[in-house]
Amino acid sequence: MESDTAMSDAPVDSSALDVVSATVVVLGCAVGMLVGFSASYFSTLSVFLKPVSAAFGWGRGEASAIASLAQLGLALGAPVTGRLIEHFGVRCVALTSTVLFGAGLFALSMSPGSIVMFGGLTLLLGFMAVGTTPAGYLSALPKYFDKRLGLAMGVAMIGLGCGNALMPLLVQRWIGEGGWQSAYRHVSLAVLVGGVATFLMLSGAGRATRPVTADRRAAREASTVHERAWPMIRTWRFCTLIVVFFVVSCAGLAAIVHIVPLLTDHGLAPAQASKIAALIGIGVMIGRAVTGLLIDNVHARYVAAIQFLVGGAGLALIAWSPGTQLPVVAAGAFAFAFVIGAEGDFMPFFIRRYFGTGHFSFLYGVLFFFFALGGVAGPIAFGWVFDRFHTYSMAYAGAGIACVMCAALVWALGEYTYPAD
């Protein structure tokens, strides 16, 4: 009896519980991004672009502009979502955002041919979906990780890469079986199922046990951040990050939206073109995993600069051989995927290392606002270039040059202000 009592009163290894809880939260973030906005909506835009345009009689530029309204909604909702996460936590905000996002996708499938109605729904969809993006889910991770924050973000972002690889293939199949309306309904169901699973996995969010020194430092940062938040946004480093992520977003997100139309314009079957889009998802997955492994041990600005150069080279390959040589285009698509998803690891990592943990979600939301604006401007610019010149070569070449410029800017950021404990 005494031994039984001693065993029942034995203290639980809190560090082991924290490891399990943190692991489950990372996996929950991965599942959430697997069916989140980036994978379920943005990565499938290139597959939906032609069917929706043909159904309503819209030009390529008009369709791109309407689809980009979701990114505008994302931009408007990002700072708001950051504040909500600070007050209510990632779990509640993510679940609410998932339900509204799924409902918005279903509403798109029921939309009439009115360009105003479809555009309004798309704008609202983006505004509601911010909690399902990396800006939503990855805000949970700094509570659990510091020295291995990059690795945790890299593992979580594998979910985004898997979603980017899987969803275009599924959507192409659903469109072939029942049309684009049916495909949007299937995507809506996938979003809701994945969102519920994520909600259950994130049940431990907010119960992490951080070291006392880290807790005290975070408290000191939070006590003064209200006065320092806007001055930090006006610093040269934050402004540099705004420019970098806006331009990278313009280049990368526009390239992924227009890759399937580019390939089908050159005679490739839609099913084959969607496989190239899936290859981009594999590149995203590998790029984000490699980033997570490296940035905890190698300065993140060096890793980002190299990946932006690789992405620029990929865009240049597509510009040089747009759809005429499939292996070259496939290699270019895989390479430029290394700049897709940068908002999910480089952006929060830079915020943590240069600006600390005080109001992390708010600063992430502000930076994500400009990233989302790039997702508005880029696809519209690509569509305008195509409508005017009837080729994507100039757009992809310009995007490649822009990525090279961003590599130079991020290299100049300098040493961390808040290195890891």
# chains A, B, ... in the order shown; residues from 1 in each chain; ligands from 1
>>> residues_around(residues="Ala65 in chain A", least_positions_apart="4", cutoff="12 Å", atoms="only C-alpha atoms", output="PyMOL selection string")
chain A and resi 45+49+53+58-61+69-72+115-116+118-120+122-123+254+257+375-384
>>> closest_residue(among="A:Pro79, A:Gly194, A:Pro348, A:Gly159", to="Ala140 in chain A", atoms="only C-alpha atoms")
A:Pro348
>>> closest_residue(among="A:Met110, A:Ala273, A:Ile242, A:Leu262", to="Leu373 in chain A", atoms="only C-alpha atoms")
A:Ile242
>>> residues_around(residues="range 350-356 of chain A", least_positions_apart="4", cutoff="10 Å", atoms="only C-alpha atoms", output="PyMOL selection string")
chain A and resi 142+146+149+217-218+221-222+225+229+232-233+237-238+241+300-301+345-346+360-361+363-364+367+413-420
>>> residues_around(residues="His186 in chain A", least_positions_apart="5", cutoff="9 Å", atoms="only C-alpha atoms", output="MDAnalysis selection string")
chainID A and resid 106 171 174 181 191
>>> closest_residue(among="A:Phe362, A:Ser203, A:Leu160, A:Ala333", to="Ser321 in chain A", atoms="only C-alpha atoms")
A:Ala333
>>> residues_around(residues="Ala412 in chain A", least_positions_apart="4", cutoff="10 Å", atoms="only C-alpha atoms", output="ChimeraX atom specification")
/A:237,240,301-302,305,407-408
>>> residues_around(residues="Ala251 in chain A", least_positions_apart="2", cutoff="9 Å", atoms="only C-alpha atoms", output="PDB file with N, CA and C atoms, in the first residue's frame")
ATOM      1  N   PHE A 246       6.814  42.192 -49.449  1.00  0.00           N
ATOM      2  CA  PHE A 246       5.861  42.663 -50.457  1.00  0.00           C
ATOM      3  C   PHE A 246       6.313  42.233 -51.850  1.00  0.00           C
ATOM      4  N   VAL A 247       7.591  42.440 -52.157  1.00  0.00           N
ATOM      5  CA  VAL A 247       8.098  42.118 -53.494  1.00  0.00           C
ATOM      6  C   VAL A 247       8.127  40.609 -53.719  1.00  0.00           C
ATOM      7  N   VAL A 248       8.582  39.849 -52.718  1.00  0.00           N
ATOM      8  CA  VAL A 248       8.602  38.384 -52.843  1.00  0.00           C
ATOM      9  C   VAL A 248       7.194  37.847 -53.035  1.00  0.00           C
ATOM     10  N   SER A 249       6.242  38.440 -52.340  1.00  0.00           N
ATOM     11  CA  SER A 249       4.846  38.030 -52.513  1.00  0.00           C
ATOM     12  C   SER A 249       4.351  38.332 -53.917  1.00  0.00           C
ATOM     13  N   LEU A 253       3.676  34.659 -55.530  1.00  0.00           N
ATOM     14  CA  LEU A 253       2.251  34.335 -55.570  1.00  0.00           C
ATOM     15  C   LEU A 253       1.665  34.554 -56.955  1.00  0.00           C
ATOM     16  N   ALA A 254       2.124  35.579 -57.664  1.00  0.00           N
ATOM     17  CA  ALA A 254       1.662  35.772 -59.045  1.00  0.00           C
ATOM     18  C   ALA A 254       2.109  34.622 -59.932  1.00  0.00           C
ATOM     19  N   ALA A 255       3.338  34.155 -59.738  1.00  0.00           N
ATOM     20  CA  ALA A 255       3.845  33.042 -60.549  1.00  0.00           C
ATOM     21  C   ALA A 255       3.040  31.773 -60.322  1.00  0.00           C
ATOM     22  N   ILE A 256       2.653  31.507 -59.073  1.00  0.00           N
ATOM     23  CA  ILE A 256       1.912  30.286 -58.799  1.00  0.00           C
ATOM     24  C   ILE A 256       0.472  30.371 -59.310  1.00  0.00           C
ATOM     25  N   GLY A 312      14.561  33.236 -57.746  1.00  0.00           N
ATOM     26  CA  GLY A 312      14.722  34.095 -58.921  1.00  0.00           C
ATOM     27  C   GLY A 312      15.225  33.336 -60.121  1.00  0.00           C
ATOM     28  N   LEU A 315      12.294  31.403 -61.666  1.00  0.00           N
ATOM     29  CA  LEU A 315      11.418  32.265 -62.454  1.00  0.00           C
ATOM     30  C   LEU A 315      12.059  32.628 -63.791  1.00  0.00           C
ATOM     31  N   VAL A 339      10.617  30.360 -52.700  1.00  0.00           N
ATOM     32  CA  VAL A 339      10.215  31.656 -52.148  1.00  0.00           C
ATOM     33  C   VAL A 339       8.764  31.644 -51.683  1.00  0.00           C
ATOM     34  N   GLY A 374       1.040  42.330 -51.600  1.00  0.00           N
ATOM     35  CA  GLY A 374       1.815  41.834 -52.729  1.00  0.00           C
ATOM     36  C   GLY A 374       1.072  40.753 -53.486  1.00  0.00           C
ATOM     37  N   GLY A 375       0.330  39.932 -52.752  1.00  0.00           N
ATOM     38  CA  GLY A 375      -0.493  38.916 -53.406  1.00  0.00           C
ATOM     39  C   GLY A 375      -1.645  39.492 -54.194  1.00  0.00           C
ATOM     40  N   GLY A 378       0.644  41.418 -57.492  1.00  0.00           N
ATOM     41  CA  GLY A 378       1.372  40.532 -58.389  1.00  0.00           C
ATOM     42  C   GLY A 378       0.511  39.830 -59.419  1.00  0.00           C
ATOM     43  N   PRO A 379      -0.535  39.087 -59.000  1.00  0.00           N
ATOM     44  CA  PRO A 379      -1.372  38.407 -59.987  1.00  0.00           C
ATOM     45  C   PRO A 379      -2.053  39.364 -60.963  1.00  0.00           C
ATOM     46  N   ALA A 395       6.677  38.966 -67.581  1.00  0.00           N
ATOM     47  CA  ALA A 395       6.272  38.977 -66.181  1.00  0.00           C
ATOM     48  C   ALA A 395       7.161  38.068 -65.345  1.00  0.00           C
ATOM     49  N   TYR A 396       7.443  36.871 -65.838  1.00  0.00           N
ATOM     50  CA  TYR A 396       8.275  35.939 -65.074  1.00  0.00           C
ATOM     51  C   TYR A 396       9.719  36.429 -64.990  1.00  0.00           C
ATOM     52  N   GLY A 398      10.697  39.623 -64.986  1.00  0.00           N
ATOM     53  CA  GLY A 398      10.698  40.709 -64.007  1.00  0.00           C
ATOM     54  C   GLY A 398      10.603  40.196 -62.581  1.00  0.00           C
ATOM     55  N   ALA A 399       9.807  39.146 -62.367  1.00  0.00           N
ATOM     56  CA  ALA A 399       9.688  38.570 -61.034  1.00  0.00           C
ATOM     57  C   ALA A 399      11.014  37.966 -60.581  1.00  0.00           C
ATOM     58  N   GLY A 400      11.738  37.334 -61.504  1.00  0.00           N
ATOM     59  CA  GLY A 400      13.047  36.774 -61.151  1.00  0.00           C
ATOM     60  C   GLY A 400      14.031  37.839 -60.726  1.00  0.00           C
ATOM     61  N   ALA A 402      13.277  40.719 -59.447  1.00  0.00           N
ATOM     62  CA  ALA A 402      12.818  41.243 -58.154  1.00  0.00           C
ATOM     63  C   ALA A 402      13.295  40.355 -57.002  1.00  0.00           C
ATOM     64  N   CYS A 403      13.287  39.031 -57.184  1.00  0.00           N
ATOM     65  CA  CYS A 403      13.747  38.130 -56.130  1.00  0.00           C
ATOM     66  C   CYS A 403      15.240  38.325 -55.848  1.00  0.00           C
TER      67      CYS A 403
END
